[in-house]
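> A single structure is presented below for examination.
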Amino acid sequence: MARVVLIRHDDSPEDDRVVEFFHARCVLPQTVRPFLGEQLGKVDASVVGSVIFGGRFDVSDDHQHPFLRYEKAWVEQCLKQNVPLLGICLGAHIMATVLGAKVGALPADPGEFGYYEIVATEVGKAYFPERLHVAKSHYHQFEIPSGADLLAKCKLFPHHAFRYGEKAFAFQFHPEATPSMFRRWQKDPGKYVRAGAQDRAEQDRLMAIHDPAQNAWFVGFQERLFEPTVDAARLTKRRSSAG
């Protein structure tokens with residue numbers, strides 16, 4: 001059976017735009033939470049796509065959080081087997097680390113929490129509009145791995161998206177975040193402490209203006225990346241029903 005594997009780092013409701021995308025196409029993803037002890041296993045022929053979400057963990061703390069080692073091994077296998085792969089925030093950090101790039105805070109330790117503009121590079125214009133406001137919640141960034149292409153940047157953090165090969169993408173931002181998700185994040189006072197974070201009124205204002213465009217772009221991006229994945233999962237479902 002074809003599997004789309006979603007790796008999560010919290011136990012919040014699964015109301016994000018990745019799940020919405022697959023459910024709208026009659027595909028039921030498999031969610032795994034290694035931080036709770038759930039086993040990932042190996043990337044076998046049944047795995048036709050994977051998304052690694054963000055979370056509160058530091059990618060370098062695998063001595064303290066051994067599950068991160070399993071996630072890094074998962075990414076290595078996906079890359080070797082050319083499985084369509086998307087890493088978001090912490091997921092992007094894991095991908096960058098596996099590919100030999102550094103991840104960490106910038107000097108003065110700024111952060112971004114809110115809705116900010118990113119700008120596509122020349123290579124990135126094949127995947128992004130020239131300018132796009134996106135949801136963000138982070139204070140680390142990745143360096144660009146050797147052999148990867150920088151796709152998007154912003155004023156404060158110059159590395160916001162990269163592509164490795166044709167099927168692996170890493171995003172520092174959170175296009176999966178629906179307004180209801182972002183409003184849950186707004187309740188965390190710790191997200192406002194770093195210079196660069198927007199206040200709630202500004203976040204709400206920018207969300208109302210820019211979230212529809214972010215959603216439309218992300219749906220289109222997922223269609224492009226995961227179209228073969230969706231086709232494989234649907235074919236498996238039809239065969240199972242016929243049997």
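How things are named: the first chain in the structure tokens is A, the next is B, and so on; residues count from 1 in each chain; ligands count from 1 in the order shown.
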Please, which residues of segment 46-229 of chain A, numbered as in this document, come out strand (DSSP E or B) from DSSP, as a PyMOL selection string?
chain A and resi 47-52+85-88+103-105+112-120+131-138+140-142+149-153+161-164+168-171
> Select from segment 186-227 of chain A every residue with an atom at most 7 Å from any atom of segment 104-111 of chain A, then for each give the shortest pair of atoms and their distance in Å to one decimal, using only C-alpha atoms, rows by chain and rising number, as a tab-separated table.

residue	atom	partner	partner_atom	distance
A:Arg194	CA	A:Gly111	CA	5.4
A:Ala195	CA	A:Pro110	CA	5.1
A:Gly196	CA	A:Gly111	CA	5.3
A:Ala197	CA	A:Gly111	CA	6.1
> Using only C-alpha atoms, which protein or nucleic acid residues come within 7 Å of Arg3 of chain A? Drop anything in the same chain fewer than 2 positions from it, and give the result as number ranges by chain.
A: 1, 5, 29-30, 46-48, 233
> So the first atom is atom CA of Glu166 of chain A and the second is atom CA of Gln81 of chain A; what is the distance between them in Å, to one decimal place?
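Going from atom CA of Glu166 of chain A over to atom CA of Gln81 of chain A, I get 12.0 Å.
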> Would you mind writing down, as a ChimeraX atom specification, each residue of segment 15-242 of chain A that DSSP on the backbone assigns to alpha helix (DSSP H)?
/A:17-24,67-80,90-98,179-185,200-242
> Which residues are close to Ala120 of chain A, i.e. within 8 Å by only C-alpha atoms, leaving aside same-chain residues fewer than 4 positions away? Reply as a list in words.
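Neighbouring residues, sequence-local ones excluded: Gly124, Lys125, Phe128, Pro129, Glu130, Arg131, Leu151, Ala152 and Lys153 of chain A.
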> Restricting the output to C-alpha atoms, write the selected residues as a JSON list (two decimals), in the first residue's frame.

[["chain", "number", "residue", "atom", "x", "y", "z"],
["A", 124, "GLY", "CA", 13.22, 30.22, -6.99],
["A", 125, "LYS", "CA", 10.94, 32.01, -9.44],
["A", 128, "PHE", "CA", 7.50, 31.05, -5.97],
["A", 129, "PRO", "CA", 5.96, 34.34, -7.04],
["A", 130, "GLU", "CA", 8.54, 37.09, -6.94],
["A", 131, "ARG", "CA", 7.23, 38.26, -3.55],
["A", 151, "LEU", "CA", 14.95, 29.54, -3.63],
["A", 152, "ALA", "CA", 13.79, 32.37, -1.34],
["A", 153, "LYS", "CA", 15.17, 34.94, 1.09]]
> Let me make sure I understand: among A:Gln214, A:Thr97, A:Gln172, A:Ser60, which one has the smallest atom-to-atom distance to His138 of chain A if we use only C-alpha atoms?
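Nearest candidate to His138 of chain A out of A:Gln214, A:Thr97, A:Gln172, A:Ser60: A:Gln172.
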> Report, in Å to a single decimal, how far apart atom CA of Arg163 of chain A and atom CA of Asp149 of chain A are.
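Interatomic distance here is 5.2 Å.
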> Measuring between only C-alpha atoms, which one of A:Ser12, A:Gln64, A:Gln77, A:Gln186 shows the shortest distance to Leu40 of chain A?
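Of all the options, A:Gln77 lies closest to Leu40 of chain A.
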> What lies within 9 Å of Leu68 of chain A using only C-alpha atoms, ignoring chain neighbours under 2 positions off, as a VMD selection string?
chain A and resid 34 to 35 57 59 to 63 65 to 66 70 to 73 94
> Keeping only C-alpha atoms, write the selected residues as a compact mmCIF listing (two decimals), in the first residue's frame.

# COMPACT_ATOMS: atom_id res chain seq x y z
CA PRO A 34 8.90 9.86 16.95
CA PHE A 35 9.19 12.23 19.92
CA PHE A 57 13.37 20.90 19.38
CA VAL A 59 18.22 19.91 15.53
CA SER A 60 21.63 19.63 17.21
CA ASP A 61 20.19 18.15 20.42
CA ASP A 62 20.03 14.54 19.23
CA HIS A 63 22.10 13.48 22.27
CA HIS A 65 16.48 13.75 21.98
CA PRO A 66 17.62 10.52 20.27
CA TYR A 70 15.91 8.39 13.46
CA GLU A 71 14.43 11.36 11.63
CA LYS A 72 17.81 12.20 10.13
CA ALA A 73 18.14 8.60 8.96
CA ILE A 94 16.99 18.27 9.72
> Find the residues near Pro158 of chain A: any atom within 10 Å, counting only C-alpha atoms, skip ones fewer than 5 places away on the same chain, and give them as a PyMOL selection string.
chain A and resi 118-119+141-143+150+152-153
> Measuring between only C-alpha atoms, which one of A:Ile52, A:Ala201, A:Cys78, A:Ile88 shows the shortest distance to Ala177 of chain A?
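Closest residue, counting only C-alpha atoms: A:Ile88.
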> If we count only C-alpha atoms, what is near Gly220 of chain A at a cut-off of 12 Å, once residues fewer than 3 positions away on the same chain are taken out, given as a compact mmCIF listing (two decimals) with all heavy atoms, in the first residue's frame?

# COMPACT_ATOMS: atom_id res chain seq x y z
N ARG A 17 -2.50 22.61 6.42
CA ARG A 17 -2.79 22.60 4.99
C ARG A 17 -2.18 21.41 4.26
O ARG A 17 -2.56 21.15 3.11
CB ARG A 17 -2.34 23.92 4.36
CG ARG A 17 -3.27 25.04 4.74
CD ARG A 17 -2.84 26.38 4.20
NE ARG A 17 -3.90 27.34 4.42
CZ ARG A 17 -3.69 28.61 4.77
NH1 ARG A 17 -2.46 29.06 4.94
NH2 ARG A 17 -4.72 29.42 4.96
N VAL A 18 -1.26 20.72 4.86
CA VAL A 18 -0.77 19.49 4.25
C VAL A 18 -1.86 18.42 4.34
O VAL A 18 -2.20 17.77 3.35
CB VAL A 18 0.53 19.01 4.92
CG1 VAL A 18 0.94 17.64 4.38
CG2 VAL A 18 1.65 20.02 4.70
N PHE A 21 -4.72 19.20 2.08
CA PHE A 21 -4.41 18.91 0.69
C PHE A 21 -4.66 17.44 0.36
O PHE A 21 -5.33 17.11 -0.61
CB PHE A 21 -2.95 19.27 0.40
CG PHE A 21 -2.46 18.83 -0.95
CD1 PHE A 21 -2.71 19.59 -2.07
CD2 PHE A 21 -1.73 17.65 -1.09
CE1 PHE A 21 -2.27 19.18 -3.33
CE2 PHE A 21 -1.29 17.24 -2.34
CZ PHE A 21 -1.55 18.01 -3.46
N TYR A 127 9.29 28.35 -8.65
CA TYR A 127 8.43 27.75 -7.63
C TYR A 127 7.63 28.78 -6.84
O TYR A 127 6.61 28.43 -6.25
CB TYR A 127 9.29 26.94 -6.64
CG TYR A 127 10.06 25.83 -7.30
CD1 TYR A 127 11.38 26.03 -7.70
CD2 TYR A 127 9.46 24.60 -7.56
CE1 TYR A 127 12.10 25.01 -8.32
CE2 TYR A 127 10.17 23.59 -8.19
CZ TYR A 127 11.48 23.81 -8.57
OH TYR A 127 12.19 22.81 -9.19
N PHE A 128 8.12 30.00 -6.78
CA PHE A 128 7.50 31.05 -5.97
C PHE A 128 7.14 32.25 -6.85
O PHE A 128 7.82 32.52 -7.83
CB PHE A 128 8.47 31.57 -4.90
CG PHE A 128 8.79 30.59 -3.82
CD1 PHE A 128 9.88 29.74 -3.94
CD2 PHE A 128 8.04 30.55 -2.65
CE1 PHE A 128 10.20 28.85 -2.94
CE2 PHE A 128 8.37 29.66 -1.63
CZ PHE A 128 9.43 28.80 -1.78
N PRO A 129 6.10 33.00 -6.44
CA PRO A 129 5.96 34.34 -7.04
C PRO A 129 7.15 35.18 -6.60
O PRO A 129 7.86 34.83 -5.65
CB PRO A 129 4.65 34.85 -6.43
CG PRO A 129 4.48 34.07 -5.18
CD PRO A 129 5.08 32.72 -5.42
N PRO A 175 3.98 27.61 5.55
CA PRO A 175 2.81 27.76 4.68
C PRO A 175 1.68 26.81 5.06
O PRO A 175 0.54 27.00 4.64
CB PRO A 175 3.35 27.43 3.30
CG PRO A 175 4.48 26.48 3.56
CD PRO A 175 5.11 26.99 4.83
N ALA A 213 -3.47 34.37 -0.31
CA ALA A 213 -2.46 34.18 -1.36
C ALA A 213 -1.46 33.10 -0.96
O ALA A 213 -1.03 32.30 -1.80
CB ALA A 213 -1.74 35.49 -1.64
N GLN A 214 -1.09 33.07 0.33
CA GLN A 214 -0.19 32.02 0.80
C GLN A 214 -0.83 30.65 0.60
O GLN A 214 -0.18 29.71 0.13
CB GLN A 214 0.13 32.22 2.29
CG GLN A 214 0.96 31.11 2.88
CD GLN A 214 1.20 31.27 4.37
OE1 GLN A 214 2.33 31.20 4.83
NE2 GLN A 214 0.15 31.48 5.14
N ASN A 215 -2.10 30.54 0.95
CA ASN A 215 -2.81 29.26 0.80
C ASN A 215 -2.86 28.83 -0.67
O ASN A 215 -2.57 27.68 -1.00
CB ASN A 215 -4.22 29.39 1.37
CG ASN A 215 -5.01 28.11 1.23
OD1 ASN A 215 -4.51 27.02 1.47
ND2 ASN A 215 -6.26 28.24 0.82
N ALA A 216 -3.22 29.75 -1.54
CA ALA A 216 -3.32 29.41 -2.96
C ALA A 216 -1.98 28.97 -3.51
O ALA A 216 -1.90 27.99 -4.27
CB ALA A 216 -3.85 30.61 -3.74
N TRP A 217 -0.92 29.67 -3.12
CA TRP A 217 0.41 29.27 -3.60
C TRP A 217 0.78 27.88 -3.08
O TRP A 217 1.27 27.03 -3.83
CB TRP A 217 1.49 30.27 -3.14
CG TRP A 217 2.84 29.69 -3.33
CD1 TRP A 217 3.54 29.60 -4.51
CD2 TRP A 217 3.64 29.02 -2.35
NE1 TRP A 217 4.72 28.92 -4.32
CE2 TRP A 217 4.80 28.56 -3.01
CE3 TRP A 217 3.47 28.78 -0.98
CZ2 TRP A 217 5.80 27.85 -2.32
CZ3 TRP A 217 4.45 28.08 -0.30
CH2 TRP A 217 5.60 27.64 -0.98
N GLU A 223 0.59 20.43 -5.22
CA GLU A 223 0.15 19.71 -6.43
C GLU A 223 1.35 19.35 -7.30
O GLU A 223 1.45 18.24 -7.82
CB GLU A 223 -0.83 20.57 -7.21
CG GLU A 223 -2.20 20.68 -6.58
CD GLU A 223 -3.13 21.61 -7.33
OE1 GLU A 223 -2.62 22.41 -8.16
OE2 GLU A 223 -4.35 21.55 -7.10
N ARG A 224 2.25 20.28 -7.42
CA ARG A 224 3.43 20.05 -8.27
C ARG A 224 4.35 19.00 -7.67
O ARG A 224 4.85 18.12 -8.37
CB ARG A 224 4.16 21.37 -8.43
CG ARG A 224 5.38 21.32 -9.34
CD ARG A 224 5.89 22.72 -9.56
NE ARG A 224 7.09 22.74 -10.37
CZ ARG A 224 7.71 23.84 -10.75
NH1 ARG A 224 7.23 25.02 -10.38
NH2 ARG A 224 8.80 23.78 -11.49
N LEU A 225 4.60 19.08 -6.36
CA LEU A 225 5.54 18.16 -5.71
C LEU A 225 4.94 16.77 -5.52
O LEU A 225 5.61 15.76 -5.73
CB LEU A 225 5.97 18.71 -4.35
CG LEU A 225 6.91 17.83 -3.51
CD1 LEU A 225 8.22 17.56 -4.25
CD2 LEU A 225 7.19 18.49 -2.16
N PHE A 226 3.66 16.72 -5.14
CA PHE A 226 3.07 15.46 -4.70
C PHE A 226 2.09 14.84 -5.70
O PHE A 226 1.42 13.87 -5.36
CB PHE A 226 2.36 15.65 -3.36
CG PHE A 226 3.29 15.92 -2.21
CD1 PHE A 226 3.17 17.09 -1.46
CD2 PHE A 226 4.30 15.03 -1.89
CE1 PHE A 226 4.03 17.34 -0.41
CE2 PHE A 226 5.17 15.28 -0.83
CZ PHE A 226 5.03 16.43 -0.09
N GLU A 227 2.02 15.36 -6.91
CA GLU A 227 1.09 14.78 -7.88
C GLU A 227 1.32 13.28 -8.09
O GLU A 227 0.37 12.49 -8.04
CB GLU A 227 1.17 15.53 -9.21
CG GLU A 227 0.19 14.99 -10.25
CD GLU A 227 0.26 15.77 -11.57
OE1 GLU A 227 1.12 16.66 -11.68
OE2 GLU A 227 -0.54 15.48 -12.46
> From the list A:Ser50, A:Ala45, A:Thr178, A:Ile7, which residue is nearest Arg33 of chain A when using only C-alpha atoms?
A:Ile7
> Between atom CA of Lys155 of chain A and atom CA of Arg8 of chain A, measure the distance and give it in Å to one decimal.
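Distance between the two atoms: 28.7 Å.
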